[in-house]
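Next up, protein.cif (mmCIF, C-alpha atoms):
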data_upload
#
loop_
_atom_site.group_PDB
_atom_site.id
_atom_site.type_symbol
_atom_site.label_atom_id
_atom_site.label_comp_id
_atom_site.auth_asym_id
_atom_site.auth_seq_id
_atom_site.Cartn_x
_atom_site.Cartn_y
_atom_site.Cartn_z
ATOM 1 C CA MET A 654 11.013 -10.237 9.842
ATOM 2 C CA ASP A 655 7.834 -12.181 10.404
ATOM 3 C CA ASP A 656 5.722 -12.082 7.245
ATOM 4 C CA THR A 657 2.552 -13.568 8.774
ATOM 5 C CA PHE A 658 -0.645 -11.719 9.487
ATOM 6 C CA GLN A 659 -0.947 -10.549 13.086
ATOM 7 C CA PHE A 660 -4.546 -9.617 13.757
ATOM 8 C CA ARG A 661 -4.269 -7.614 16.931
ATOM 9 C CA ASN A 662 -4.660 -3.969 17.763
ATOM 10 C CA ARG A 663 -1.419 -2.011 17.575
ATOM 11 C CA THR A 664 -0.556 0.323 20.438
ATOM 12 C CA GLU A 665 -0.217 4.056 19.865
ATOM 13 C CA THR A 666 3.552 3.619 20.204
ATOM 14 C CA GLU A 667 3.494 1.040 17.388
ATOM 15 C CA LEU A 668 1.289 3.280 15.235
ATOM 16 C CA LYS A 669 3.747 6.148 15.744
ATOM 17 C CA SER A 670 6.523 3.833 14.550
ATOM 18 C CA ARG A 671 4.384 2.978 11.513
ATOM 19 C CA GLN A 672 3.847 6.691 10.874
ATOM 20 C CA ARG A 673 7.567 7.432 11.172
ATOM 21 C CA GLY A 674 8.476 4.574 8.819
ATOM 22 C CA LEU A 675 5.852 5.621 6.262
ATOM 23 C CA GLU A 676 6.999 9.236 6.341
ATOM 24 C CA GLU A 677 10.641 8.226 5.859
ATOM 25 C CA PHE A 678 9.787 5.757 3.092
ATOM 26 C CA ALA A 679 7.617 8.342 1.316
ATOM 27 C CA GLU A 680 10.462 10.866 1.511
ATOM 28 C CA VAL A 681 12.788 8.367 -0.189
ATOM 29 C CA LEU A 682 10.243 7.654 -2.934
ATOM 30 C CA GLU A 683 9.640 11.363 -3.489
ATOM 31 C CA ARG A 684 13.364 12.162 -3.538
ATOM 32 C CA LEU A 685 13.755 9.577 -6.326
ATOM 33 C CA GLY A 686 10.765 10.952 -8.238
ATOM 34 C CA ALA A 687 8.795 7.725 -7.787
ATOM 35 C CA ARG A 688 5.085 7.960 -8.474
ATOM 36 C CA TYR A 689 3.480 5.906 -5.722
ATOM 37 C CA PHE A 690 0.049 5.459 -4.167
ATOM 38 C CA LEU A 691 -1.054 4.808 -0.608
ATOM 39 C CA ALA A 692 -3.337 1.782 -0.995
ATOM 40 C CA ASP A 693 -4.980 -1.168 0.702
ATOM 41 C CA GLY A 694 -5.578 -0.948 4.463
ATOM 42 C CA ALA A 695 -3.525 2.231 4.874
ATOM 43 C CA LEU A 696 -5.795 4.076 2.434
ATOM 44 C CA LEU A 697 -8.912 2.445 3.871
ATOM 45 C CA GLY A 698 -7.926 3.581 7.355
ATOM 46 C CA ALA A 699 -7.058 7.113 6.206
ATOM 47 C CA VAL A 700 -10.439 7.507 4.479
ATOM 48 C CA ARG A 701 -12.709 5.588 6.833
ATOM 49 C CA ASN A 702 -11.027 6.106 10.215
ATOM 50 C CA GLY A 703 -8.889 9.185 9.609
ATOM 51 C CA ASP A 704 -5.941 7.102 10.860
ATOM 52 C CA PHE A 705 -4.231 3.747 10.505
ATOM 53 C CA ILE A 706 -6.409 0.721 11.153
ATOM 54 C CA PRO A 707 -4.985 -0.583 14.445
ATOM 55 C CA TRP A 708 -5.404 -4.255 13.478
ATOM 56 C CA ASP A 709 -3.880 -3.913 9.988
ATOM 57 C CA ASP A 710 -0.517 -5.678 9.833
ATOM 58 C CA ASP A 711 1.257 -3.625 7.150
ATOM 59 C CA VAL A 712 1.244 -0.471 5.031
ATOM 60 C CA GLY A 713 0.317 -0.968 1.381
ATOM 61 C CA ILE A 714 2.005 1.211 -1.225
ATOM 62 C CA TRP A 715 1.552 0.689 -4.953
ATOM 63 C CA MET A 716 3.422 1.729 -8.065
ATOM 64 C CA LYS A 717 2.689 1.265 -11.740
ATOM 65 C CA ALA A 718 4.862 -1.578 -13.046
ATOM 66 C CA GLU A 719 6.517 0.610 -15.688
ATOM 67 C CA ASP A 720 7.703 3.026 -12.979
ATOM 68 C CA PHE A 721 8.645 0.247 -10.557
ATOM 69 C CA ARG A 722 10.904 -1.461 -13.144
ATOM 70 C CA ILE A 723 12.839 1.757 -13.764
ATOM 71 C CA LEU A 724 13.299 2.661 -10.092
ATOM 72 C CA VAL A 725 13.410 -0.621 -8.144
ATOM 73 C CA THR A 726 17.210 -0.750 -7.938
ATOM 74 C CA ALA A 727 17.509 2.879 -6.846
ATOM 75 C CA ILE A 728 14.638 2.513 -4.357
ATOM 76 C CA THR A 729 16.186 -0.612 -2.845
ATOM 77 C CA ALA A 730 19.631 1.007 -2.498
ATOM 78 C CA GLU A 731 18.225 4.228 -1.042
ATOM 79 C CA ILE A 732 15.932 2.611 1.513
ATOM 80 C CA GLU A 733 18.597 0.128 2.602
ATOM 81 C CA SER A 734 21.026 3.017 3.137
ATOM 82 C CA SER A 735 18.288 4.700 5.219
ATOM 83 C CA GLY A 736 18.205 1.727 7.589
ATOM 84 C CA PHE A 737 15.250 -0.191 6.159
ATOM 85 C CA HIS A 738 15.562 -3.953 5.580
ATOM 86 C CA VAL A 739 14.347 -5.056 2.135
ATOM 87 C CA THR A 740 13.326 -8.396 0.673
ATOM 88 C CA GLN A 741 12.241 -8.938 -2.928
ATOM 89 C CA GLY A 742 8.925 -10.530 -3.824
ATOM 90 C CA HIS A 743 8.204 -12.945 -6.681
ATOM 91 C CA ARG A 744 9.720 -12.057 -10.078
ATOM 92 C CA ARG A 745 6.447 -12.385 -12.005
ATOM 93 C CA ASN A 746 4.640 -9.870 -9.784
ATOM 94 C CA PRO A 747 7.480 -7.815 -8.329
ATOM 95 C CA LYS A 748 7.206 -6.175 -4.974
ATOM 96 C CA LEU A 749 9.445 -5.117 -2.135
ATOM 97 C CA ASN A 750 8.793 -6.026 1.488
ATOM 98 C CA ILE A 751 10.342 -3.290 3.563
ATOM 99 C CA TYR A 752 10.836 -3.457 7.325
ATOM 100 C CA MET A 753 11.673 -0.649 9.727
ATOM 101 C CA TYR A 754 10.790 0.169 13.320
ATOM 102 C CA GLY A 755 9.087 -3.217 13.675
ATOM 103 C CA GLU A 756 6.663 -2.396 10.849
ATOM 104 C CA LYS A 757 6.171 -3.842 7.365
ATOM 105 C CA PHE A 758 5.682 -1.739 4.242
ATOM 106 C CA GLU A 759 4.743 -3.465 0.977
ATOM 107 C CA LEU A 760 5.672 -1.733 -2.275
ATOM 108 C CA GLU A 761 3.692 -3.555 -4.958
ATOM 109 C CA SER A 762 4.052 -3.305 -8.723
ATOM 110 C CA TRP A 763 0.807 -3.288 -10.752
ATOM 111 C CA ARG A 764 1.076 -3.931 -14.504
ATOM 112 C CA ARG A 765 -1.232 -2.634 -17.208
ATOM 113 C CA ARG A 766 -3.432 -5.089 -19.074
ATOM 114 C CA GLY A 767 -5.868 -3.254 -21.323
ATOM 115 C CA THR A 768 -8.130 -1.106 -19.169
ATOM 116 C CA TRP A 769 -6.981 -2.836 -15.981
ATOM 117 C CA ARG A 770 -4.043 -2.856 -13.592
ATOM 118 C CA VAL A 771 -3.340 -6.440 -12.499
ATOM 119 C CA ARG A 772 -1.351 -8.367 -9.925
ATOM 120 C CA TRP A 773 -1.642 -12.045 -8.860
ATOM 121 C CA GLY A 774 -5.169 -12.566 -10.165
ATOM 122 C CA LEU A 775 -6.371 -9.228 -8.798
ATOM 123 C CA LYS A 776 -7.414 -6.308 -10.949
ATOM 124 C CA ILE A 777 -8.506 -2.716 -10.641
ATOM 125 C CA PRO A 778 -9.596 -0.248 -13.312
ATOM 126 C CA ALA A 779 -6.396 1.340 -14.658
ATOM 127 C CA HIS A 780 -7.872 4.839 -14.592
ATOM 128 C CA LEU A 781 -7.725 4.802 -10.783
ATOM 129 C CA LEU A 782 -3.927 5.162 -11.007
ATOM 130 C CA ASP A 783 -3.822 7.623 -13.922
ATOM 131 C CA ASN A 784 -4.401 10.900 -12.053
ATOM 132 C CA PRO A 785 -3.534 10.472 -8.370
ATOM 133 C CA GLY A 786 -5.556 12.124 -5.685
ATOM 134 C CA GLN A 787 -4.305 12.963 -2.215
ATOM 135 C CA ILE A 788 -5.214 11.702 1.212
ATOM 136 C CA GLN A 789 -4.145 12.987 4.591
ATOM 137 C CA LEU A 790 -2.876 10.510 7.143
ATOM 138 C CA ARG A 791 -1.558 11.692 10.507
ATOM 139 C CA GLY A 792 -0.906 15.221 9.306
ATOM 140 C CA ARG A 793 0.847 14.384 6.017
ATOM 141 C CA PHE A 794 -0.570 14.136 2.511
ATOM 142 C CA TYR A 795 0.104 11.061 0.354
ATOM 143 C CA PRO A 796 -0.839 10.309 -3.256
ATOM 144 C CA CYS A 797 -3.646 7.788 -3.625
ATOM 145 C CA PRO A 798 -5.831 6.180 -6.291
ATOM 146 C CA ASN A 799 -8.425 8.584 -7.639
ATOM 147 C CA PRO A 800 -11.285 8.626 -6.940
ATOM 148 C CA HIS A 801 -10.388 6.831 -3.727
ATOM 149 C CA GLU A 802 -13.997 5.868 -2.955
ATOM 150 C CA GLU A 803 -14.217 3.943 -6.247
ATOM 151 C CA PHE A 804 -10.900 2.245 -5.480
ATOM 152 C CA LEU A 805 -12.065 1.235 -2.000
ATOM 153 C CA GLU A 806 -15.317 -0.172 -3.372
ATOM 154 C CA HIS A 807 -13.376 -2.273 -5.889
ATOM 155 C CA ARG A 808 -10.922 -3.382 -3.226
ATOM 156 C CA TYR A 809 -13.298 -4.064 -0.331
ATOM 157 C CA GLY A 810 -16.814 -4.182 -1.754
ATOM 158 C CA GLU A 811 -19.811 -1.881 -1.431
ATOM 159 C CA ASP A 812 -19.746 -2.040 2.369
ATOM 160 C CA TRP A 813 -16.141 -0.798 2.692
ATOM 161 C CA LYS A 814 -17.164 1.812 5.267
ATOM 162 C CA THR A 815 -18.062 -0.882 7.821
ATOM 163 C CA PRO A 816 -15.040 -2.161 9.768
ATOM 164 C CA ILE A 817 -14.649 -5.910 10.141
ATOM 165 C CA VAL A 818 -12.639 -6.122 13.339
ATOM 166 C CA GLY A 819 -10.435 -9.166 13.749
ATOM 167 C CA ARG A 820 -10.584 -10.352 10.142
ATOM 168 C CA GLY A 821 -8.037 -7.882 8.834
ATOM 169 C CA THR A 822 -8.437 -5.450 6.009
ATOM 170 C CA HIS A 823 -7.538 -7.982 3.331
ATOM 171 C CA ALA A 824 -10.217 -10.579 4.060
ATOM 172 C CA VAL A 825 -13.188 -8.853 2.438
ATOM 173 C CA LYS A 826 -14.408 -10.250 -0.882
ATOM 174 C CA SER A 827 -14.546 -7.604 -3.567
ATOM 175 C CA LYS A 828 -14.721 -6.794 -7.258
ATOM 176 C CA LEU A 829 -10.919 -6.612 -7.259
ATOM 177 C CA SER A 830 -10.656 -10.401 -7.490
ATOM 178 C CA GLY A 831 -10.835 -12.087 -10.822
ATOM 179 C CA LEU A 832 -8.747 -13.961 -13.310
ATOM 180 C CA CYS A 833 -6.299 -11.744 -15.146
#
Show me the file's structure as structure tokens.
Amino acid sequence: MDDTFQFRNRTETELKSRQRGLEEFAEVLERLGARYFLADGALLGAVRNGDFIPWDDDVGIWMKAEDFRILVTAITAEIESSGFHVTQGHRRNPKLNIYMYGEKFELESWRRRGTWRVRWGLKIPAHLLDNPGQIQLRGRFYPCPNPHEEFLEHRYGEDWKTPIVGRGTHAVKSKLSGLC
């Protein structure tokens, strides 16, 4: 389980493994009634490219902290019994790192602070997670922040539609950063 960034283009075989893992993980979350959101580079790729970003190294999935706290034990047990390997993130900003088919899926917990959702010095307007939208990725619909264009601008800046090949999807400065 290598947790380092790997900025290289994934093959179609690897992207199919990513798709399979995401579909299986989403099915587990939905079976448990978890309210989750496709986020970060996975959402950026779905909106901008209509597919995964080949050089992105993981799949970002978010949950509201209040939902995450209630379901984290059940999610962990269910995904481990489905063959996924799970490691826990830091206690202060809980997350699960989930590995399957050679791919990494990050389930992050975002806590409410006033009109914001925050995590490790990052923030987004809370309303973006209040009424999920939907995005299609490789023939399946996933819940996502709404409106997703506003989310992507906060996450990646005004020029989010322009790919930055080789720097990864997480390297762009944005309005998301800030002290929380």
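Atom pair atom CA of Leu760 of chain A / atom CA of Trp708 of chain A has a distance of 19.4 Å (rounded to one decimal).
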### Task
Pull out every residue that the PyMOL selection byres ((chain A and resi 789) around 10) matches in the shown coordinates and put them as a VMD selection string.
chain A and resid 696 699 to 700 703 to 704 787 to 788 790 to 797
#### Entry: Top pick for closest residue to Asn662 of chain A, considering A:Met753, A:Ile706, A:Ala718, A:Ile732 and counting all atoms listed in the file
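Checking each of A:Met753, A:Ile706, A:Ala718, A:Ile732 against Asn662 of chain A, counting all atoms listed in the file, the winner is A:Ile706.
Across A:Leu668, A:Leu691, A:Leu675, A:Leu749, the tightest approach to Pro785 of chain A is made by A:Leu691 when counting only C-alpha atoms.
Taken over the whole file, the PyMOL selection byres ((chain A and resi 773) around 8) covers exactly Asn746, Val771, Arg772, Gly774, Leu775 and Cys833 of chain A.
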### Task
Determine the nearest neighbour of Leu782 of chain A from the options A:Thr729, A:Thr666, A:Asn750, A:Asn799, counting all atoms listed in the file.
A:Asn799
### Distance of atom CA of Glu665 of chain A from atom CA of Tyr689 of chain A, expressed in Å to one decimal place
25.9 Å
Using the file's own x, y and z axes, what box holds all listed atoms of segment 681-700 of chain A with 3 Å on each side, keeping edges along x, y and z, and what are its centre and edge lengths in Å to one decimal, as AutoDock Vina command-line options?
--center_x 1.7 --center_y 5.5 --center_z -0.6 --size_x 30.2 --size_y 19.3 --size_z 21.8
Can you pull out every residue within 10 Å of Arg673 of chain A, counting all atoms listed in the file, but drop anything in the same chain fewer than 4 positions away, and send it as a JSON list (two decimals) with C-alpha atoms, keeping the file's coordinate frame?
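Written file, out26.json:
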[["chain", "number", "residue", "atom", "x", "y", "z"],
["A", 667, "GLU", "CA", 3.49, 1.04, 17.39],
["A", 668, "LEU", "CA", 1.29, 3.28, 15.24],
["A", 669, "LYS", "CA", 3.75, 6.15, 15.74],
["A", 677, "GLU", "CA", 10.64, 8.23, 5.86],
["A", 678, "PHE", "CA", 9.79, 5.76, 3.09],
["A", 679, "ALA", "CA", 7.62, 8.34, 1.32],
["A", 753, "MET", "CA", 11.67, -0.65, 9.73],
["A", 754, "TYR", "CA", 10.79, 0.17, 13.32],
["A", 756, "GLU", "CA", 6.66, -2.40, 10.85]]
### Query
Of the candidates A:Leu805, A:Ala687, A:Ala695, A:Leu781, which shows the shortest atom-to-atom distance to Gly713 of chain A, using all atoms listed in the file?
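The shortest atom-to-atom distance to Gly713 of chain A comes from A:Ala695.
With distances restricted to only C-alpha atoms, A:Val725 is the closest residue to Ser762 of chain A from A:Ala779, A:Ile817, A:Leu697, A:Val725.
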